[in-house]
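As stored in model.txt (compact mmCIF, C-alpha atoms):
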# COMPACT_ATOMS: atom_id res chain seq x y z
CA MET A 1 13.29 29.28 18.00
CA MET A 2 16.33 30.54 19.88
CA ARG A 3 14.18 32.87 22.08
CA HIS A 4 11.87 29.95 22.85
CA SER A 5 14.82 27.82 23.97
CA SER A 6 16.24 30.54 26.22
CA THR A 7 12.94 31.08 28.06
CA HIS A 8 13.16 27.48 29.20
CA SER A 9 16.81 28.11 30.18
CA ALA A 10 17.90 24.95 28.35
CA PRO A 11 19.80 26.16 25.28
CA VAL A 12 21.91 23.01 25.35
CA GLN A 13 18.88 20.90 24.41
CA ALA A 14 18.05 22.86 21.23
CA PRO A 15 20.69 21.56 18.78
CA PRO A 16 19.88 17.79 18.87
CA PRO A 17 16.21 18.12 17.80
CA ALA A 18 17.22 20.62 15.10
CA ARG A 19 19.75 18.17 13.72
CA ARG A 20 17.19 15.41 13.71
CA ALA A 21 14.67 17.62 11.96
CA VAL A 22 17.12 18.43 9.20
CA SER A 23 18.51 14.96 8.67
CA SER A 24 15.31 12.96 9.16
CA PRO A 25 13.78 13.49 5.69
CA ARG A 26 17.06 12.65 3.99
CA GLY A 27 17.49 9.56 6.14
CA LEU A 28 13.95 8.41 5.40
CA ALA A 29 14.35 9.10 1.68
CA ALA A 30 17.62 7.15 1.59
CA SER A 31 16.13 4.24 3.54
CA LEU A 32 13.12 4.18 1.19
CA ALA A 33 15.39 4.06 -1.85
CA LYS A 34 17.35 1.18 -0.31
CA SER A 35 14.19 -0.70 0.68
CA ARG A 36 12.71 -0.20 -2.81
CA GLU A 37 15.92 -1.52 -4.38
CA THR A 38 15.84 -4.56 -2.09
CA THR A 39 12.16 -5.10 -2.92
CA LEU A 40 12.89 -4.81 -6.65
CA PHE A 41 15.68 -7.37 -6.36
CA ILE A 42 13.33 -9.79 -4.58
CA VAL A 43 10.62 -9.18 -7.21
CA LEU A 44 13.19 -9.85 -9.94
CA ILE A 45 14.19 -13.19 -8.37
CA LEU A 46 10.53 -14.17 -7.91
CA LEU A 47 9.73 -13.28 -11.53
CA ILE A 48 12.59 -15.41 -12.83
CA ALA A 49 11.79 -18.31 -10.49
CA GLY A 50 8.04 -18.19 -11.18
CA THR A 51 8.47 -18.09 -14.94
CA ALA A 52 11.07 -20.87 -14.80
CA LEU A 53 8.68 -23.07 -12.83
CA ALA A 54 5.89 -22.47 -15.34
CA ARG A 55 8.17 -22.81 -18.37
CA PRO A 56 11.55 -24.45 -17.58
CA GLN A 57 12.88 -23.44 -21.02
CA PHE A 58 12.80 -19.81 -19.85
CA LEU A 59 16.20 -20.29 -18.23
CA ASN A 60 17.95 -21.29 -21.44
CA MET A 61 21.02 -19.30 -22.41
CA GLN A 62 19.37 -17.62 -25.40
CA ASN A 63 16.60 -16.08 -23.28
CA LEU A 64 19.05 -14.88 -20.65
CA ARG A 65 21.26 -13.42 -23.36
CA ASP A 66 18.26 -11.65 -24.93
CA VAL A 67 17.32 -10.15 -21.55
CA LEU A 68 20.86 -8.84 -21.05
CA LEU A 69 21.08 -7.39 -24.57
CA ASN A 70 17.67 -5.71 -24.44
CA VAL A 71 18.12 -4.37 -20.92
CA SER A 72 21.62 -3.07 -21.70
CA ILE A 73 20.27 -0.36 -24.00
CA ILE A 74 17.20 0.44 -21.87
CA SER A 75 19.32 0.67 -18.71
CA LEU A 76 21.69 3.12 -20.39
CA LEU A 77 18.79 5.36 -21.39
CA THR A 78 17.24 5.00 -17.93
CA ALA A 79 20.50 6.07 -16.29
CA GLY A 80 20.62 9.23 -18.43
CA MET A 81 16.95 9.89 -17.67
CA THR A 82 17.66 9.42 -13.95
CA VAL A 83 20.12 12.33 -13.92
CA VAL A 84 17.44 14.58 -15.46
CA ILE A 85 14.59 13.37 -13.21
CA LEU A 86 16.74 13.93 -10.12
CA MET A 87 16.52 17.67 -10.92
CA ARG A 88 12.70 17.59 -11.35
CA HIS A 89 12.91 17.53 -15.14
CA ILE A 90 12.21 14.93 -17.83
CA ASP A 91 13.65 14.12 -21.26
CA LEU A 92 11.01 12.68 -23.59
CA SER A 93 13.22 13.05 -26.68
CA VAL A 94 15.52 10.10 -25.90
CA GLY A 95 13.69 7.70 -28.25
CA SER A 96 13.94 10.10 -31.20
CA THR A 97 17.61 10.76 -30.38
CA VAL A 98 18.29 7.01 -30.42
CA GLY A 99 16.51 6.69 -33.78
CA ILE A 100 18.31 9.52 -35.56
CA SER A 101 21.67 8.51 -34.06
CA ALA A 102 21.28 4.87 -35.14
CA TYR A 103 20.41 5.86 -38.71
CA ALA A 104 23.21 8.45 -38.87
CA VAL A 105 25.86 5.94 -37.75
CA GLY A 106 24.48 3.41 -40.25
CA SER A 107 24.69 6.02 -43.02
CA LEU A 108 28.29 6.72 -42.09
CA TYR A 109 29.09 3.02 -42.50
CA VAL A 110 27.41 3.02 -45.92
CA ALA A 111 29.63 5.95 -46.93
CA PHE A 112 32.77 4.75 -45.11
CA PRO A 113 32.66 0.93 -44.81
CA HIS A 114 36.05 0.71 -43.09
CA MET A 115 35.31 3.30 -40.39
CA PRO A 116 36.71 2.17 -37.00
CA VAL A 117 34.20 1.07 -34.37
CA ILE A 118 35.39 3.71 -31.89
CA VAL A 119 34.69 6.45 -34.47
CA ALA A 120 31.16 5.10 -35.00
CA LEU A 121 30.48 5.14 -31.26
CA ALA A 122 31.94 8.65 -30.97
CA ALA A 123 29.73 9.81 -33.86
CA GLY A 124 26.62 8.51 -32.11
CA LEU A 125 27.66 10.21 -28.89
CA ALA A 126 28.30 13.51 -30.73
CA ILE A 127 24.84 13.43 -32.37
CA GLY A 128 23.32 12.84 -28.95
CA LEU A 129 25.28 15.77 -27.53
CA VAL A 130 23.81 18.07 -30.17
CA ALA A 131 20.28 16.85 -29.38
CA GLY A 132 20.92 17.19 -25.65
CA GLY A 133 22.35 20.67 -26.20
CA ILE A 134 19.14 21.81 -27.91
CA ASN A 135 17.10 20.53 -24.94
CA ALA A 136 19.53 22.16 -22.51
CA LEU A 137 19.21 25.55 -24.18
CA LEU A 138 15.41 25.36 -24.27
CA VAL A 139 15.09 24.36 -20.61
CA ALA A 140 17.99 26.13 -18.84
CA VAL A 141 18.27 29.27 -20.97
CA GLY A 142 14.82 29.58 -22.57
CA ARG A 143 13.06 28.57 -19.33
CA VAL A 144 10.70 26.30 -21.28
CA PRO A 145 9.27 23.56 -19.00
CA SER A 146 11.18 20.36 -19.75
CA LEU A 147 7.96 18.41 -20.43
CA VAL A 148 7.00 20.86 -23.18
CA ALA A 149 10.54 21.35 -24.50
CA THR A 150 11.42 17.66 -24.85
CA LEU A 151 7.97 16.72 -26.14
CA SER A 152 8.57 19.29 -28.89
CA THR A 153 12.06 18.00 -29.70
CA LEU A 154 10.71 14.43 -29.66
CA TYR A 155 8.58 15.34 -32.68
CA ILE A 156 11.19 17.64 -34.25
CA PHE A 157 13.95 14.98 -34.15
CA ARG A 158 11.60 12.23 -35.31
CA GLY A 159 10.25 14.42 -38.11
CA ALA A 160 13.78 15.26 -39.23
CA ASP A 161 14.59 11.54 -39.16
CA TYR A 162 11.57 10.70 -41.37
CA ALA A 163 12.47 13.50 -43.80
CA TRP A 164 16.08 12.28 -43.99
CA VAL A 165 15.34 8.55 -44.26
CA HIS A 166 12.51 9.13 -46.76
CA GLY A 167 11.29 5.54 -46.57
CA GLY A 168 14.75 3.94 -46.71
CA GLN A 169 16.59 1.81 -44.18
CA ILE A 170 20.05 0.62 -43.20
CA ASN A 171 20.57 -3.15 -43.35
CA ALA A 172 22.88 -5.35 -41.32
CA THR A 173 24.77 -6.22 -44.52
CA SER A 174 26.05 -2.63 -44.64
CA LEU A 175 27.77 -3.00 -41.27
CA PRO A 176 31.28 -4.42 -40.78
CA GLU A 177 31.73 -7.55 -38.71
CA ALA A 178 33.79 -5.69 -36.10
CA PHE A 179 30.87 -3.36 -35.36
CA SER A 180 28.28 -6.16 -35.24
CA ARG A 181 30.47 -8.01 -32.73
CA LEU A 182 29.53 -5.38 -30.14
CA ALA A 183 26.22 -7.25 -29.88
CA THR A 184 27.19 -10.76 -30.98
CA GLY A 185 30.53 -11.01 -29.14
CA THR A 186 31.03 -12.21 -25.57
CA LEU A 187 33.67 -11.89 -22.88
CA PHE A 188 33.74 -14.57 -20.19
CA GLY A 189 30.33 -15.64 -21.47
CA ILE A 190 28.80 -12.17 -20.98
CA PRO A 191 27.66 -10.20 -24.07
CA THR A 192 30.07 -7.38 -24.96
CA LEU A 193 27.14 -4.97 -25.19
CA ALA A 194 26.16 -5.71 -21.58
CA LEU A 195 29.74 -5.11 -20.41
CA ILE A 196 29.90 -1.76 -22.23
CA SER A 197 26.65 -0.72 -20.55
CA LEU A 198 27.93 -1.89 -17.17
CA VAL A 199 31.04 0.30 -17.46
CA VAL A 200 28.92 3.38 -18.31
CA LEU A 201 26.47 2.65 -15.49
CA LEU A 202 29.27 2.26 -12.94
CA ALA A 203 30.86 5.52 -14.10
CA LEU A 204 27.52 7.36 -13.76
CA ALA A 205 26.85 5.85 -10.33
CA LEU A 206 30.32 6.96 -9.18
CA TYR A 207 29.74 10.46 -10.57
CA LEU A 208 26.42 10.89 -8.75
CA LYS A 209 27.73 9.53 -5.46
CA GLN A 210 31.30 10.81 -5.21
CA PHE A 211 31.61 13.99 -7.27
CA ARG A 212 30.38 17.46 -6.40
CA GLY A 213 28.52 17.81 -9.71
CA GLY A 214 26.62 14.61 -9.01
CA ARG A 215 25.62 15.73 -5.52
CA GLU A 216 24.42 19.03 -6.96
CA HIS A 217 21.89 17.17 -9.11
CA TYR A 218 20.35 15.83 -5.89
CA ALA A 219 20.50 19.23 -4.21
CA ILE A 220 18.63 20.89 -7.10
CA GLY A 221 15.95 18.20 -7.04
CA SER A 222 15.51 18.45 -3.26
CA ASN A 223 15.15 22.24 -3.25
CA PRO A 224 16.21 24.36 -6.25
CA GLU A 225 16.11 27.68 -4.37
CA ALA A 226 18.09 26.33 -1.42
CA ALA A 227 20.64 24.89 -3.87
CA ARG A 228 20.94 28.29 -5.56
CA LEU A 229 21.45 30.01 -2.20
CA ALA A 230 24.12 27.44 -1.37
CA GLY A 231 26.09 28.54 -4.43
CA VAL A 232 25.01 25.89 -6.95
CA ASN A 233 24.84 27.16 -10.53
CA VAL A 234 21.43 25.60 -11.21
CA GLU A 235 21.23 26.53 -14.90
CA ARG A 236 24.67 25.12 -15.66
CA ARG A 237 23.95 21.90 -13.79
CA VAL A 238 20.58 21.47 -15.55
CA MET A 239 22.32 22.00 -18.91
CA ALA A 240 24.91 19.38 -17.94
CA GLY A 241 22.13 16.92 -17.08
CA PHE A 242 20.41 17.29 -20.46
CA LEU A 243 23.74 17.11 -22.30
CA LEU A 244 24.53 13.89 -20.42
CA SER A 245 21.11 12.40 -21.19
CA GLY A 246 21.45 13.32 -24.88
CA ALA A 247 24.99 11.96 -25.15
CA ILE A 248 23.95 8.64 -23.59
CA ALA A 249 20.93 8.43 -25.94
CA GLY A 250 23.18 9.05 -28.97
CA PHE A 251 25.66 6.42 -27.74
CA ALA A 252 22.75 4.01 -27.16
CA GLY A 253 21.63 4.68 -30.75
CA ALA A 254 24.96 3.41 -32.08
CA LEU A 255 24.64 0.33 -29.85
CA TRP A 256 21.04 -0.15 -31.06
CA LEU A 257 22.37 -0.33 -34.62
CA ALA A 258 24.90 -2.98 -33.58
CA ARG A 259 22.21 -4.93 -31.72
CA PHE A 260 19.49 -5.00 -34.39
CA GLY A 261 21.42 -4.30 -37.60
CA THR A 262 18.43 -2.95 -39.52
CA VAL A 263 17.20 0.57 -38.69
CA ASP A 264 14.73 2.99 -40.29
CA ALA A 265 12.82 6.15 -39.38
CA SER A 266 10.66 4.35 -36.78
CA THR A 267 13.62 2.97 -34.82
CA ALA A 268 13.12 3.20 -31.02
CA LYS A 269 9.74 4.89 -31.45
CA GLY A 270 7.93 5.06 -28.09
CA ILE A 271 10.89 3.75 -26.11
CA GLU A 272 10.92 6.90 -23.96
CA LEU A 273 7.84 5.59 -22.13
CA GLN A 274 9.67 2.37 -21.22
CA VAL A 275 12.61 4.43 -20.00
CA VAL A 276 10.45 6.65 -17.77
CA ALA A 277 8.67 3.53 -16.47
CA ALA A 278 11.99 1.83 -15.63
CA ALA A 279 13.24 4.94 -13.81
CA VAL A 280 10.07 5.43 -11.76
CA VAL A 281 9.73 1.72 -10.95
CA GLY A 282 13.42 1.76 -10.00
CA SER A 283 12.82 4.15 -7.07
CA VAL A 284 13.70 7.39 -8.89
CA ALA A 285 11.22 9.92 -7.46
CA ILE A 286 9.48 11.90 -10.21
CA THR A 287 9.45 14.86 -7.78
CA GLY A 288 13.26 14.92 -7.83
CA GLY A 289 16.07 14.54 -5.32
CA VAL A 290 15.77 10.77 -4.73
CA GLY A 291 17.05 7.87 -6.82
CA THR A 292 20.12 5.83 -7.75
CA ILE A 293 21.59 4.28 -10.88
CA LEU A 294 21.33 0.86 -9.20
CA GLY A 295 17.61 1.31 -8.59
CA ALA A 296 17.02 2.54 -12.16
CA THR A 297 18.93 -0.46 -13.54
CA LEU A 298 16.90 -2.86 -11.40
CA GLY A 299 13.74 -1.20 -12.70
CA ALA A 300 14.92 -1.77 -16.28
CA LEU A 301 15.76 -5.40 -15.44
CA VAL A 302 12.33 -6.05 -13.91
CA LEU A 303 10.54 -4.66 -16.97
CA GLY A 304 12.91 -6.55 -19.29
CA VAL A 305 12.28 -9.87 -17.55
CA ILE A 306 8.50 -9.24 -17.60
CA SER A 307 8.69 -8.63 -21.35
CA ILE A 308 10.54 -11.89 -22.06
CA ALA A 309 8.41 -13.82 -19.53
CA LEU A 310 5.19 -12.79 -21.28
CA VAL A 311 6.55 -14.11 -24.59
CA VAL A 312 7.63 -17.40 -23.00
CA LEU A 313 4.25 -17.78 -21.24
CA HIS A 314 2.41 -16.98 -24.53
CA VAL A 315 0.64 -14.00 -22.98
CA SER A 316 -0.57 -11.17 -25.21
CA PRO A 317 2.09 -8.43 -25.50
CA PHE A 318 -0.63 -5.84 -24.78
CA TRP A 319 -0.42 -6.91 -21.14
CA GLU A 320 3.15 -5.62 -21.01
CA GLN A 321 1.99 -2.01 -21.33
CA ALA A 322 -0.76 -2.58 -18.75
CA ILE A 323 1.74 -4.04 -16.29
CA GLU A 324 4.17 -1.15 -16.87
CA GLY A 325 1.37 1.33 -16.22
CA ALA A 326 0.34 -0.47 -13.03
CA LEU A 327 3.93 -0.51 -11.77
CA ILE A 328 4.29 3.24 -12.42
CA VAL A 329 1.08 3.95 -10.46
CA ALA A 330 2.28 1.72 -7.60
CA ALA A 331 5.70 3.41 -7.49
CA ILE A 332 4.30 6.97 -7.54
CA THR A 333 1.69 6.03 -4.91
CA ALA A 334 4.45 4.68 -2.65
CA ASP A 335 6.44 7.92 -3.06
CA THR A 336 3.36 10.06 -2.31
CA LEU A 337 2.51 8.08 0.81
CA LEU A 338 6.10 8.36 2.03
CA ALA A 339 6.15 12.13 1.45
CA ARG A 340 2.95 12.53 3.44
CA SER A 341 4.32 10.33 6.22
CA VAL A 342 7.53 12.40 6.42
CA ALA A 343 5.53 15.66 6.44
CA LYS A 344 3.33 14.40 9.30
CA ARG A 345 6.36 13.31 11.33
CA MET A 346 8.01 16.69 10.81
CA MET A 347 4.83 18.51 11.90
CA ARG A 348 4.57 16.37 15.05
CA LYS A 349 8.22 17.00 15.92
CA ARG A 350 7.77 20.73 15.34
CA ASP A 351 4.66 20.82 17.52
CA HIS A 352 6.33 18.86 20.34
CA GLY A 353 9.55 20.88 19.94
Representation of the structure as C-alpha cells:
Amino acid sequence: MMRHSSTHSAPVQAPPPARRAVSSPRGLAASLAKSRETTLFIVLILLIAGTALARPQFLNMQNLRDVLLNVSIISLLTAGMTVVILMRHIDLSVGSTVGISAYAVGSLYVAFPHMPVIVALAAGLAIGLVAGGINALLVAVGRVPSLVATLSTLYIFRGADYAWVHGGQINATSLPEAFSRLATGTLFGIPTLALISLVVLLALALYLKQFRGGREHYAIGSNPEAARLAGVNVERRVMAGFLLSGAIAGFAGALWLARFGTVDASTAKGIELQVVAAAVVGSVAITGGVGTILGATLGALVLGVISIALVVLHVSPFWEQAIEGALIVAAITADTLLARSVAKRMMRKRDHG
C-alpha cells in the first residue's frame, strides 16, 4: 500500500482513508447496537401501551411488580451470558447452575435456620464459581468448544441435582423472614430484588466499558488472533468470563430461592434458552465483539413484558416460545445483513483506494 501511494506522489493522502477503513466497522457496529437499543426501548413502550389499551388492568401494580421481579433474575443471567457471548462462546449450563445453587442454599437454611442473608448469598455465589470454574477449565484449558462443554455440564449439574434432591424439595416455610424479604421487600416502592439486580448490572456495565479486562472481552470477540498479538491473555480472559457467568448464575440461584420459596430438582429447567434469547434480542451479536449490558437488559425486559402480556390477554403460553424464536431469527438476520453491508462497504473502499 505504501509503494502504491508513493507512485502517485501523494503520501500525505494515505493516512485518512486507512483510518476510516479501520474505524468504520467499529463505528457501524456501535451505531447498530445503539439503534437496536433505541428500537428495543420503543418496542417495549409499544408493548406496554398496546397491552394496556387492550386490557387496562395490565398496568396494575401487581403486574408491574411481577415483571420487575421476574426480569431481575433473567437480566442477571443475561448479563453474565453477555460477557461470554462477547468472546464468541456460550454458557448453556446457567439454568442447571441456578437450580443446584437454589437447592443448596435452601438446604443450608434447613441445617442452619439462623444463617445470615449475606452468608446465603455468598454461598450461592461460591457454588456458581465452582460451576463456572469447571466450564472455564474445559473451554480455556481443555480447548473443548463451549457449546459442547456447557451442554455437557448442563446435564452433569442437573443430573447431580436430581441425585442429591432425590424427589425432595425445599419449602418457603424453611426460609427465614429476613431472606424472603429480598423478594417481598421494597425500597421507595421498588422491589429489593430489582434493586440488587440493578446494582450488579451497573457494576458489570462499568466493568465492560471502563476497565481493561472488560475491553479485552470485546477485543477477543472481534478478532481472537489479533487480540493475542496485541498482548491479551486470551485463555485467562475466557476463564474469567466463564467464572463471572457461573458466579452470577449461582447468585441468581439464591435470589430465585428468595423469589419463589419452593425449589426442587427441576428448578430453572430450560431457562438458559430464555437467557440466550434475551441476549440475542438485546443486540448482543452471537458472533462476538458487539453488545452491551443495557441492550441485554432491554432484551430481557421485552421478553418479560411479552410473557406477562400473553397471560393478561389470555393467549396460550405456547405462543411465548414461538415469539421468542421469531425474535431470535429477526435479531440474527439483522446482524448478518449488517455484517454483509459492512463487508461490501470495505471492499468498495479498498477497490477505490
Distance in Å - CA of Tyr207 in chain A versus CA of Ile90 in chain A: 19.5 Å
Residues within 8 Å of (28.5, -5.7, -28.2), counting only C-alpha atoms, listed as a PyMOL selection string: chain A and resi 179-186+191-196+255+258-259
Which of A:Thr292, A:Ser245, A:Ser307, A:Ser174 sits closest to Gly106 in chain A [using all atoms listed in the file]: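 Once distances to Gly106 in chain A are computed over all atoms listed in the file, the minimum belongs to A:Ser174.
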Range 289-291 of chain A surroundings by only C-alpha atoms, 8 Å radius, close-in-sequence under 6 positions cut, as an MDAnalysis selection string: chainID A and resid 29:30 33 82 86:88 217:222 282:283
CA of Val94 in chain A to CA of Val43 in chain A, straight-line distance in Å: 27.3 Å
Interatomic distance (Å, one decimal) between CA of Thr78 in chain A and CA of Phe188 in chain A: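 Pair CA of Thr78 in chain A / CA of Phe188 in chain A returns 25.7 Å.
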Spatial neighbours of Ala104 in chain A, max dist 10 Å, only C-alpha atoms, sep filter under 4 positions, as a list of chain:residue names: A:Val98, A:Gly99, A:Ile100, A:Leu108, A:Tyr109, A:Val110, A:Ala120, A:Ala123, A:Gly124, A:Ile127, A:Asp161, A:Trp164, A:Val165, A:Ile170, A:Gly250, A:Gly253, A:Ala254, A:Leu257, A:Val263
List as a short mmCIF file (atom, residue, chain, number, x, y, z; two decimals) with C-alpha atoms, in the coordinates of the input the protein and nucleic acid residues near Gly241 in chain A, meaning an atom at most 9 Å away when only C-alpha atoms are counted, but skip any in the same chain fewer than 2 places from it.
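Final output, saved to result17.cif:
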data_model
loop_
_atom_site.label_atom_id
_atom_site.label_comp_id
_atom_site.auth_asym_id
_atom_site.auth_seq_id
_atom_site.Cartn_x
_atom_site.Cartn_y
_atom_site.Cartn_z
CA GLY A 80 20.62 9.23 -18.43
CA MET A 81 16.95 9.89 -17.67
CA VAL A 83 20.12 12.33 -13.92
CA VAL A 84 17.44 14.58 -15.46
CA MET A 87 16.52 17.67 -10.92
CA GLY A 132 20.92 17.19 -25.65
CA ALA A 136 19.53 22.16 -22.51
CA HIS A 217 21.89 17.17 -9.11
CA ARG A 236 24.67 25.12 -15.66
CA ARG A 237 23.95 21.90 -13.79
CA VAL A 238 20.58 21.47 -15.55
CA MET A 239 22.32 22.00 -18.91
CA LEU A 243 23.74 17.11 -22.30
CA LEU A 244 24.53 13.89 -20.42
CA SER A 245 21.11 12.40 -21.19
CA GLY A 246 21.45 13.32 -24.88
#
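Near (10.7, 14.6, -30.9), the residues that fall inside 10 Å on the basis of only C-alpha atoms are A:Leu92, A:Ser93, A:Val94, A:Gly95, A:Ser96, A:Thr97, A:Ala131, A:Ala149, A:Thr150, A:Leu151, A:Ser152, A:Thr153, A:Leu154, A:Tyr155, A:Ile156, A:Phe157, A:Arg158, A:Gly159, A:Ala160, A:Asp161, A:Lys269.
Comparing A:Ala111, A:Ile328, A:Ala226, A:Leu175 by their smallest distance to Phe260 in chain A, the closest is A:Leu175 (using only C-alpha atoms).
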The centre and edge lengths of an axis-aligned box containing all atoms of range 66-76 of chain A present in the file, extended by 8 Å on each side, are to be given in Å to one decimal, as JSON.
{"center_x": 19.4, "center_y": -4.3, "center_z": -21.8, "size_x": 20.5, "size_y": 30.8, "size_z": 22.2}
Counting all atoms listed in the file, the option among A:Ala230, A:Val305, A:Val315, A:Val276 closest to Asp66 in chain A: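 Residue with the minimum atom-to-atom distance to Asp66 in chain A: A:Val305.
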Closest of A:Met347, A:Ala252, A:Ile286, A:Ile293 to Ala268 in chain A - atom-to-atom distances counting all atoms listed in the file: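 Among the listed residues, A:Ala252 lies closest to Ala268 in chain A.
Within 12 Å of Gln57 in chain A, once all atoms listed in the file are used and residues closer than 4 positions along the same chain are dropped, the contacting residues are Ile48, Ala49, Thr51, Ala52, Leu53, Met61, Gln62, Asn63, Leu64, Ile308, Ala309, Val311, Val312 and Leu313 of chain A.
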